[in-house]
file structure_34.csv (CSV, N, CA and C atoms)
chain,number,residue,atom,x,y,z
A,183,MET,N,95.2,109.3,98.5
A,183,MET,CA,94.6,110.5,98.1
A,183,MET,C,95.5,111.7,98.6
A,184,LYS,N,95.8,112.6,97.7
A,184,LYS,CA,96.6,113.7,98.1
A,184,LYS,C,95.8,114.8,98.8
A,185,ALA,N,96.5,115.5,99.6
A,185,ALA,CA,95.8,116.6,100.4
A,185,ALA,C,95.5,117.8,99.4
A,186,TYR,N,94.4,118.5,99.8
A,186,TYR,CA,94.1,119.7,99.0
A,186,TYR,C,95.1,120.8,99.2
A,187,SER,N,95.3,121.5,98.2
A,187,SER,CA,96.3,122.6,98.3
A,187,SER,C,95.8,123.7,99.2
A,188,LEU,N,96.8,124.5,99.7
A,188,LEU,CA,96.5,125.6,100.6
A,188,LEU,C,95.7,126.7,99.8
A,189,ALA,N,96.0,126.9,98.5
A,189,ALA,CA,95.3,127.8,97.7
A,189,ALA,C,93.8,127.5,97.6
A,190,LEU,N,93.5,126.2,97.4
A,190,LEU,CA,92.1,125.7,97.3
A,190,LEU,C,91.4,125.9,98.6
A,191,ARG,N,92.1,125.6,99.7
A,191,ARG,CA,91.5,125.7,101.0
A,191,ARG,C,91.1,127.2,101.3
A,192,GLU,N,92.0,128.1,100.9
A,192,GLU,CA,91.8,129.5,101.2
A,192,GLU,C,90.6,130.0,100.3
A,193,ARG,N,90.5,129.5,99.1
A,193,ARG,CA,89.4,129.9,98.2
A,193,ARG,C,88.1,129.4,98.8
A,194,VAL,N,88.1,128.2,99.3
A,194,VAL,CA,86.8,127.6,99.9
A,194,VAL,C,86.4,128.5,101.1
A,195,VAL,N,87.4,128.8,102.0
A,195,VAL,CA,87.1,129.6,103.2
A,195,VAL,C,86.6,131.0,102.7
A,196,ALA,N,87.2,131.6,101.7
A,196,ALA,CA,86.8,132.9,101.3
A,196,ALA,C,85.4,132.9,100.7
A,197,ALA,N,85.1,131.8,99.9
A,197,ALA,CA,83.7,131.7,99.4
A,197,ALA,C,82.7,131.6,100.4
A,198,CYS,N,83.0,130.8,101.5
A,198,CYS,CA,82.0,130.7,102.6
A,198,CYS,C,81.9,132.0,103.4
A,199,GLN,N,83.0,132.7,103.6
A,199,GLN,CA,82.9,134.0,104.3
A,199,GLN,C,82.2,135.0,103.5
A,200,ALA,N,82.2,134.9,102.2
A,200,ALA,CA,81.5,135.8,101.3
A,200,ALA,C,80.0,135.6,101.3
A,201,GLY,N,79.5,134.6,102.1
A,201,GLY,CA,78.1,134.4,102.2
A,201,GLY,C,77.6,133.1,101.5
A,202,GLY,N,78.5,132.3,100.9
A,202,GLY,CA,78.0,131.1,100.2
A,202,GLY,C,77.7,130.0,101.2
A,203,LYS,N,76.7,129.3,100.8
A,203,LYS,CA,76.3,128.1,101.6
A,203,LYS,C,77.3,127.0,101.5
A,204,GLN,N,77.5,126.2,102.5
A,204,GLN,CA,78.5,125.2,102.5
A,204,GLN,C,78.3,124.2,101.3
A,205,GLU,N,77.0,123.8,101.1
A,205,GLU,CA,76.7,122.8,100.1
A,205,GLU,C,77.1,123.4,98.7
A,206,ALA,N,76.7,124.6,98.5
A,206,ALA,CA,77.0,125.3,97.2
A,206,ALA,C,78.5,125.4,97.0
A,207,VAL,N,79.2,125.8,98.0
A,207,VAL,CA,80.7,126.0,97.9
A,207,VAL,C,81.3,124.6,97.6
A,208,ALA,N,80.8,123.6,98.3
A,208,ALA,CA,81.4,122.3,98.1
A,208,ALA,C,81.2,121.8,96.6
A,209,ALA,N,80.0,122.1,96.1
A,209,ALA,CA,79.7,121.7,94.7
A,209,ALA,C,80.6,122.5,93.7
A,210,ARG,N,80.7,123.8,94.0
A,210,ARG,CA,81.5,124.7,93.2
A,210,ARG,C,82.9,124.3,93.1
A,211,PHE,N,83.5,123.9,94.2
A,211,PHE,CA,84.9,123.5,94.1
A,211,PHE,C,85.2,122.0,94.0
A,212,SER,N,84.1,121.3,93.9
A,212,SER,CA,84.2,119.8,93.7
A,212,SER,C,84.9,119.1,94.9
A,213,VAL,N,84.5,119.5,96.1
A,213,VAL,CA,84.9,118.9,97.3
A,213,VAL,C,83.7,118.4,98.1
A,214,SER,N,83.9,117.7,99.1
A,214,SER,CA,82.8,117.2,99.9
A,214,SER,C,82.3,118.2,100.9
A,215,HIS,N,81.0,118.1,101.3
A,215,HIS,CA,80.5,119.0,102.3
A,215,HIS,C,81.2,118.8,103.6
A,216,SER,N,81.5,117.6,104.0
A,216,SER,CA,82.2,117.4,105.2
A,216,SER,C,83.6,118.1,105.2
A,217,PHE,N,84.3,118.1,104.1
A,217,PHE,CA,85.6,118.8,104.0
A,217,PHE,C,85.4,120.3,104.3
A,218,VAL,N,84.3,120.9,103.7
A,218,VAL,CA,84.1,122.3,103.9
A,218,VAL,C,83.8,122.6,105.3
A,219,ALA,N,82.9,121.7,106.0
A,219,ALA,CA,82.6,122.0,107.4
A,219,ALA,C,83.8,121.8,108.3
A,220,LYS,N,84.6,120.8,108.0
A,220,LYS,CA,85.8,120.6,108.9
A,220,LYS,C,86.8,121.8,108.6
A,221,LEU,N,86.9,122.2,107.4
A,221,LEU,CA,87.9,123.3,107.1
A,221,LEU,C,87.4,124.6,107.7
A,222,LEU,N,86.2,124.9,107.7
A,222,LEU,CA,85.7,126.1,108.4
A,222,LEU,C,85.8,126.0,109.9
A,223,ARG,N,85.6,124.8,110.5
A,223,ARG,CA,85.8,124.6,111.9
A,223,ARG,C,87.3,124.9,112.3
A,224,ARG,N,88.2,124.3,111.5
A,224,ARG,CA,89.6,124.5,111.7
A,224,ARG,C,90.0,126.0,111.6
A,225,HIS,N,89.5,126.6,110.6
A,225,HIS,CA,89.8,128.0,110.4
A,225,HIS,C,89.3,128.9,111.5
A,226,ARG,N,88.1,128.5,112.1
A,226,ARG,CA,87.5,129.2,113.2
A,226,ARG,C,88.4,129.0,114.5
A,227,THR,N,88.8,127.8,114.7
A,227,THR,CA,89.5,127.5,116.0
A,227,THR,C,91.0,127.8,115.9
A,228,GLN,N,91.6,127.5,114.8
A,228,GLN,CA,93.1,127.7,114.7
A,228,GLN,C,93.5,128.9,113.9
A,229,GLY,N,92.6,129.5,113.2
A,229,GLY,CA,92.9,130.7,112.4
A,229,GLY,C,93.6,130.5,111.2
A,230,SER,N,93.7,129.2,110.7
A,230,SER,CA,94.4,128.9,109.5
A,230,SER,C,93.7,127.8,108.8
A,231,ALA,N,93.8,127.8,107.4
A,231,ALA,CA,93.1,126.8,106.6
A,231,ALA,C,94.1,125.7,106.2
A,232,ALA,N,95.4,125.8,106.7
A,232,ALA,CA,96.4,124.8,106.4
A,232,ALA,C,96.0,123.4,106.9
A,233,GLY,N,96.5,122.4,106.1
A,233,GLY,CA,96.2,121.1,106.5
A,233,GLY,C,97.0,120.6,107.7
A,234,LEU,N,96.7,119.5,108.3
A,234,LEU,CA,97.4,119.0,109.4
A,234,LEU,C,98.7,118.4,109.0
A,235,SER,N,99.7,118.5,109.8
A,235,SER,CA,101.0,117.8,109.5
A,235,SER,C,100.8,116.3,109.7
A,236,PRO,N,101.5,115.5,109.0
A,236,PRO,CA,101.4,114.1,109.1
A,236,PRO,C,101.9,113.6,110.5
A,237,GLY,N,101.2,112.7,111.1
A,237,GLY,CA,101.6,112.2,112.4
A,237,GLY,C,102.7,111.1,112.2
A,238,HIS,N,103.5,111.0,113.2
A,238,HIS,CA,104.6,109.9,113.0
A,238,HIS,C,104.5,108.9,114.1
A,239,GLY,N,103.4,108.9,114.9
A,239,GLY,CA,103.3,107.8,115.9
A,239,GLY,C,104.1,108.1,117.1
A,240,PRO,N,104.0,107.3,118.1
A,240,PRO,CA,104.7,107.5,119.4
A,240,PRO,C,106.2,107.3,119.2
A,241,ALA,N,107.0,107.9,120.0
A,241,ALA,CA,108.4,107.8,119.9
A,241,ALA,C,108.8,106.4,120.5
A,242,SER,N,110.0,105.9,120.0
A,242,SER,CA,110.4,104.6,120.4
A,242,SER,C,110.8,104.6,121.9
A,243,ARG,N,110.5,103.5,122.6
A,243,ARG,CA,110.9,103.4,124.0
A,243,ARG,C,112.3,103.0,124.2
A,244,LEU,N,113.0,102.7,123.1
A,244,LEU,CA,114.4,102.3,123.2
A,244,LEU,C,115.3,103.6,123.1
A,245,ASP,N,116.0,103.9,124.2
A,245,ASP,CA,116.9,105.0,124.2
A,245,ASP,C,118.3,104.5,124.0
A,246,GLY,N,119.3,105.3,124.2
A,246,GLY,CA,120.7,105.0,124.0
A,246,GLY,C,121.1,103.8,124.7
A,247,PRO,N,120.9,103.7,126.1
A,247,PRO,CA,121.4,102.6,126.8
A,247,PRO,C,120.6,101.3,126.4
A,248,ALA,N,119.3,101.4,126.1
A,248,ALA,CA,118.6,100.2,125.7
A,248,ALA,C,119.1,99.7,124.4
A,249,PHE,N,119.4,100.6,123.5
A,249,PHE,CA,120.0,100.1,122.2
A,249,PHE,C,121.4,99.4,122.4
A,250,ALA,N,122.1,99.9,123.4
A,250,ALA,CA,123.4,99.3,123.7
A,250,ALA,C,123.2,97.9,124.3
A,251,GLN,N,122.2,97.8,125.1
A,251,GLN,CA,121.8,96.4,125.6
A,251,GLN,C,121.4,95.5,124.5
A,252,LEU,N,120.6,96.0,123.6
A,252,LEU,CA,120.1,95.2,122.5
A,252,LEU,C,121.3,94.8,121.6
A,253,ARG,N,122.2,95.7,121.3
A,253,ARG,CA,123.4,95.4,120.5
A,253,ARG,C,124.2,94.3,121.2
A,254,ALA,N,124.4,94.4,122.6
A,254,ALA,CA,125.1,93.4,123.3
A,254,ALA,C,124.4,92.0,123.2
A,255,CYS,N,123.1,92.0,123.3
A,255,CYS,CA,122.3,90.8,123.2
A,255,CYS,C,122.5,90.1,121.8
A,256,LEU,N,122.6,91.0,120.7
A,256,LEU,CA,122.7,90.5,119.4
A,256,LEU,C,124.1,89.9,119.2
A,257,ARG,N,125.1,90.5,119.8
A,257,ARG,CA,126.5,89.9,119.7
A,257,ARG,C,126.7,88.7,120.5
A,258,GLN,N,126.0,88.6,121.7
A,258,GLN,CA,126.2,87.5,122.6
A,258,GLN,C,125.5,86.3,122.0
A,259,SER,N,124.3,86.4,121.5
A,259,SER,CA,123.6,85.3,120.9
A,259,SER,C,122.9,85.7,119.6
A,260,PRO,N,123.7,85.6,118.5
A,260,PRO,CA,123.1,86.1,117.2
A,260,PRO,C,122.0,85.2,116.7
A,261,ASP,N,121.9,83.9,117.1
A,261,ASP,CA,120.9,83.0,116.6
A,261,ASP,C,119.6,83.1,117.4
A,262,ALA,N,119.5,83.9,118.4
A,262,ALA,CA,118.3,84.0,119.3
A,262,ALA,C,117.1,84.5,118.5
A,263,THR,N,116.0,84.0,118.8
A,263,THR,CA,114.8,84.5,118.2
A,263,THR,C,114.4,85.9,118.8
A,264,LEU,N,113.4,86.5,118.2
A,264,LEU,CA,113.0,87.8,118.7
A,264,LEU,C,112.3,87.6,120.1
A,265,ASP,N,111.6,86.5,120.3
A,265,ASP,CA,111.0,86.3,121.6
A,265,ASP,C,112.0,86.1,122.7
A,266,GLU,N,113.1,85.3,122.3
A,266,GLU,CA,114.2,85.1,123.3
A,266,GLU,C,114.9,86.5,123.6
A,267,ARG,N,115.0,87.3,122.6
A,267,ARG,CA,115.6,88.6,122.9
A,267,ARG,C,114.7,89.5,123.8
A,268,ARG,N,113.4,89.4,123.5
A,268,ARG,CA,112.4,90.1,124.4
A,268,ARG,C,112.6,89.7,125.8
A,269,VAL,N,112.7,88.5,126.1
A,269,VAL,CA,112.8,88.0,127.5
A,269,VAL,C,114.1,88.5,128.0
A,270,TRP,N,115.2,88.4,127.3
A,270,TRP,CA,116.5,88.8,127.7
A,270,TRP,C,116.5,90.3,128.1
A,271,LEU,N,115.9,91.1,127.2
A,271,LEU,CA,115.9,92.6,127.5
A,271,LEU,C,115.0,92.9,128.7
A,272,ALA,N,113.9,92.2,128.9
A,272,ALA,CA,113.1,92.4,130.1
A,272,ALA,C,113.9,92.0,131.3
A,273,ALA,N,114.7,90.9,131.3
A,273,ALA,CA,115.4,90.5,132.4
A,273,ALA,C,116.6,91.5,132.8
A,274,VAL,N,117.3,91.9,131.7
A,274,VAL,CA,118.4,92.8,131.9
A,274,VAL,C,118.1,94.2,132.2
A,275,GLY,N,117.2,94.8,131.3
A,275,GLY,CA,116.9,96.2,131.4
A,275,GLY,C,115.5,96.5,131.9
A,276,GLY,N,114.7,95.5,132.1
A,276,GLY,CA,113.4,95.8,132.6
A,276,GLY,C,112.4,96.4,131.5
A,277,LEU,N,112.8,96.4,130.3
A,277,LEU,CA,112.1,97.0,129.2
A,277,LEU,C,111.2,95.9,128.5
A,278,LEU,N,109.9,96.1,128.6
A,278,LEU,CA,109.0,95.2,127.9
A,278,LEU,C,108.6,95.7,126.6
A,279,MET,N,108.8,94.9,125.5
A,279,MET,CA,108.5,95.4,124.2
A,279,MET,C,107.7,94.3,123.4
A,280,SER,N,107.0,94.7,122.4
A,280,SER,CA,106.3,93.8,121.6
A,280,SER,C,107.3,93.2,120.6
A,281,GLN,N,107.0,92.0,120.0
A,281,GLN,CA,107.9,91.4,119.1
A,281,GLN,C,108.1,92.3,117.9
A,282,SER,N,107.1,92.9,117.4
A,282,SER,CA,107.2,93.7,116.2
A,282,SER,C,108.1,95.0,116.5
A,283,ALA,N,107.9,95.6,117.6
A,283,ALA,CA,108.7,96.7,118.0
A,283,ALA,C,110.2,96.3,118.1
A,284,LEU,N,110.4,95.2,118.7
A,284,LEU,CA,111.8,94.7,118.8
A,284,LEU,C,112.4,94.4,117.4
A,285,GLY,N,111.6,93.8,116.5
A,285,GLY,CA,112.0,93.6,115.2
A,285,GLY,C,112.4,94.9,114.4
A,286,ARG,N,111.6,95.9,114.6
A,286,ARG,CA,112.0,97.2,114.0
A,286,ARG,C,113.3,97.8,114.6
A,287,ALA,N,113.5,97.6,115.9
A,287,ALA,CA,114.7,98.0,116.5
A,287,ALA,C,115.9,97.3,116.0
A,288,VAL,N,115.8,96.0,115.8
A,288,VAL,CA,116.9,95.2,115.3
A,288,VAL,C,117.2,95.6,113.8
A,289,GLN,N,116.1,95.9,113.1
A,289,GLN,CA,116.4,96.4,111.7
A,289,GLN,C,117.1,97.8,111.7
A,290,ALA,N,116.7,98.6,112.7
A,290,ALA,CA,117.3,100.0,112.8
A,290,ALA,C,118.8,99.8,113.1
A,291,LEU,N,119.2,98.8,113.8
A,291,LEU,CA,120.6,98.5,114.1
A,291,LEU,C,121.3,97.9,112.9
A,292,ASP,N,120.6,97.6,111.8
A,292,ASP,CA,121.1,97.0,110.6
A,292,ASP,C,121.7,95.7,110.8
A,293,TRP,N,121.1,94.9,111.7
A,293,TRP,CA,121.5,93.5,112.0
A,293,TRP,C,121.0,92.6,111.0
A,294,ARG,N,121.8,91.7,110.4
A,294,ARG,CA,121.4,90.7,109.4
A,294,ARG,C,121.0,89.4,110.1
A,295,ARG,N,120.1,88.7,109.5
A,295,ARG,CA,119.6,87.5,110.1
A,295,ARG,C,120.4,86.2,109.7
A,296,LYS,N,121.4,86.4,108.8
A,296,LYS,CA,122.2,85.3,108.4
A,296,LYS,C,123.0,84.7,109.6
A,297,LYS,N,122.9,83.4,109.8
A,297,LYS,CA,123.4,82.8,111.0
A,297,LYS,C,124.9,82.3,110.8
A,298,ARG,N,125.3,82.0,109.6
A,298,ARG,CA,126.6,81.5,109.4
A,298,ARG,C,127.1,81.9,108.0
A,299,ALA,N,128.4,81.9,107.9
A,299,ALA,CA,129.0,82.3,106.6
A,299,ALA,C,128.6,81.3,105.5
A,300,SER,N,128.7,81.8,104.3
A,300,SER,CA,128.4,80.9,103.1
A,300,SER,C,129.5,79.8,103.0
A,301,THR,N,129.1,78.7,102.4
A,301,THR,CA,130.0,77.6,102.2
A,301,THR,C,130.8,77.9,101.0
A,302,PRO,N,132.1,77.5,100.9
A,302,PRO,CA,132.9,77.7,99.7
A,302,PRO,C,132.3,77.0,98.5
A,303,PRO,N,132.6,77.6,97.3
A,303,PRO,CA,132.1,77.0,96.1
A,303,PRO,C,132.6,75.5,95.9
A,304,SER,N,131.9,74.8,95.1
A,304,SER,CA,132.3,73.4,94.9
A,304,SER,C,133.5,73.3,94.0
A,305,ALA,N,134.3,72.3,94.3
A,305,ALA,CA,135.6,72.2,93.6
A,305,ALA,C,135.4,71.3,92.3
A,306,THR,N,134.2,70.9,92.0
A,306,THR,CA,134.0,70.1,90.8
A,306,THR,C,134.0,71.0,89.6
A,307,PRO,N,134.6,70.5,88.5
A,307,PRO,CA,134.7,71.4,87.3
A,307,PRO,C,133.3,71.4,86.6
A,308,LYS,N,133.0,72.5,86.0
A,308,LYS,CA,131.8,72.7,85.3
A,308,LYS,C,132.0,72.2,83.8
A,309,GLY,N,131.0,71.6,83.2
A,309,GLY,CA,131.1,71.4,81.9
A,309,GLY,C,130.8,70.0,81.5
call {"tool": "encode", "arguments": {"input": "structure_34.csv", "output": "structure tokens"}}
result
Amino acid sequence: MKAYSLALRERVVAACQAGGKQEAVAARFSVSHSFVAKLLRRHRTQGSAAGLSPGHGPASRLDGPAFAQLRACLRQSPDATLDERRVWLAAVGGLLMSQSALGRAVQALDWRRKKRASTPPSATPKG
């Protein structure tokens, strides 16, 4: 669902400030009563009817040196599983990570999972 536009938000706040009841304003602009109540609360506390910016979650715990350690682990043992890499990172750098976080870090390094080169094509003639 897309966020409501700033123009609509401002019209809703203006209609409520002009003396309209929240239920009537919600019906007039085809929005929910809870949206109107939350919008008015945000306008009262923050002074703005603008929507919230999207959150991006917590920052990665892997900094530059930890990425270098992970890159070294990938080069040293390219066939290691994520769990083996987790243990190695914990032993070397003391950094404990979940398997999924480590998988995202490996993807960020653009590391491929292929373990060996392709075999050459068959020498048998086609046909």
call {"tool": "select_by_dssp", "arguments": {"input": "structure_34.csv", "residues": "chain A", "states": "helix (DSSP H, G or I)", "output": "number ranges by chain"}}
result
A: 188-199, 204-211, 215-228, 246-258, 264-275, 281-290
call {"tool": "residues_near_point", "arguments": {"input": "structure_34.csv", "point": "(113.9, 95.0, 123.6)", "cutoff": "8 Å", "atoms": "all atoms listed in the file", "output": "MDAnalysis selection string"}}
result
chainID A and resid 244 248:249 251:252 267:272 277:280 283:285 287
call {"tool": "atom_distance", "arguments": {"input": "structure_34.csv", "atom1": "CA of Trp293 (chain A)", "atom2": "CA of Ser242 (chain A)"}}
result
17.8 Å
call {"tool": "residues_near_point", "arguments": {"input": "structure_34.csv", "point": "(93.1, 127.0, 102.3)", "cutoff": "7 Å", "atoms": "all atoms listed in the file", "output": "number ranges by chain"}}
result
A: 187-195, 230-233
call {"tool": "write_last_selection", "arguments": {"input": "structure_34.csv", "atoms": "N, CA and C atoms", "output": "mmCIF file, in the coordinates of the input"}}
result
data_model
loop_
_atom_site.group_PDB
_atom_site.id
_atom_site.type_symbol
_atom_site.label_atom_id
_atom_site.label_comp_id
_atom_site.auth_asym_id
_atom_site.auth_seq_id
_atom_site.Cartn_x
_atom_site.Cartn_y
_atom_site.Cartn_z
ATOM 1 N N SER A 187 95.300 121.500 98.200
ATOM 2 C CA SER A 187 96.300 122.600 98.300
ATOM 3 C C SER A 187 95.800 123.700 99.200
ATOM 4 N N LEU A 188 96.800 124.500 99.700
ATOM 5 C CA LEU A 188 96.500 125.600 100.600
ATOM 6 C C LEU A 188 95.700 126.700 99.800
ATOM 7 N N ALA A 189 96.000 126.900 98.500
ATOM 8 C CA ALA A 189 95.300 127.800 97.700
ATOM 9 C C ALA A 189 93.800 127.500 97.600
ATOM 10 N N LEU A 190 93.500 126.200 97.400
ATOM 11 C CA LEU A 190 92.100 125.700 97.300
ATOM 12 C C LEU A 190 91.400 125.900 98.600
ATOM 13 N N ARG A 191 92.100 125.600 99.700
ATOM 14 C CA ARG A 191 91.500 125.700 101.000
ATOM 15 C C ARG A 191 91.100 127.200 101.300
ATOM 16 N N GLU A 192 92.000 128.100 100.900
ATOM 17 C CA GLU A 192 91.800 129.500 101.200
ATOM 18 C C GLU A 192 90.600 130.000 100.300
ATOM 19 N N ARG A 193 90.500 129.500 99.100
ATOM 20 C CA ARG A 193 89.400 129.900 98.200
ATOM 21 C C ARG A 193 88.100 129.400 98.800
ATOM 22 N N VAL A 194 88.100 128.200 99.300
ATOM 23 C CA VAL A 194 86.800 127.600 99.900
ATOM 24 C C VAL A 194 86.400 128.500 101.100
ATOM 25 N N VAL A 195 87.400 128.800 102.000
ATOM 26 C CA VAL A 195 87.100 129.600 103.200
ATOM 27 C C VAL A 195 86.600 131.000 102.700
ATOM 28 N N SER A 230 93.700 129.200 110.700
ATOM 29 C CA SER A 230 94.400 128.900 109.500
ATOM 30 C C SER A 230 93.700 127.800 108.800
ATOM 31 N N ALA A 231 93.800 127.800 107.400
ATOM 32 C CA ALA A 231 93.100 126.800 106.600
ATOM 33 C C ALA A 231 94.100 125.700 106.200
ATOM 34 N N ALA A 232 95.400 125.800 106.700
ATOM 35 C CA ALA A 232 96.400 124.800 106.400
ATOM 36 C C ALA A 232 96.000 123.400 106.900
ATOM 37 N N GLY A 233 96.500 122.400 106.100
ATOM 38 C CA GLY A 233 96.200 121.100 106.500
ATOM 39 C C GLY A 233 97.000 120.600 107.700
#
call {"tool": "atom_distance", "arguments": {"input": "structure_34.csv", "atom1": "atom C of Leu256 (chain A)", "atom2": "atom C of His238 (chain A)"}}
result
27.8 Å
call {"tool": "closest_residue", "arguments": {"input": "structure_34.csv", "among": "A:Ala273, A:Leu291, A:Leu221, A:Leu234", "to": "Gly246 (chain A)", "atoms": "only C-alpha atoms"}}
result
A:Leu291
call {"tool": "residues_around", "arguments": {"input": "structure_34.csv", "residues": "Arg226 (chain A)", "least_positions_apart": "6", "cutoff": "12 Å", "atoms": "only C-alpha atoms", "output": "PyMOL selection string"}}
result
chain A and resi 195+199+219-220
call {"tool": "atom_distance", "arguments": {"input": "structure_34.csv", "atom1": "atom C of Val213 (chain A)", "atom2": "atom C of Tyr186 (chain A)"}}
result
11.7 Å
call {"tool": "residues_around", "arguments": {"input": "structure_34.csv", "residues": "Ser216 (chain A)", "least_positions_apart": "6", "cutoff": "8 Å", "atoms": "all atoms listed in the file", "output": "list in words"}}
result
Gln204, Ala208 and Leu222 of chain A
call {"tool": "closest_residue", "arguments": {"input": "structure_34.csv", "among": "A:Ser212, A:Leu264, A:Arg294, A:Arg223", "to": "Ser282 (chain A)", "atoms": "all atoms listed in the file"}}
result
A:Leu264
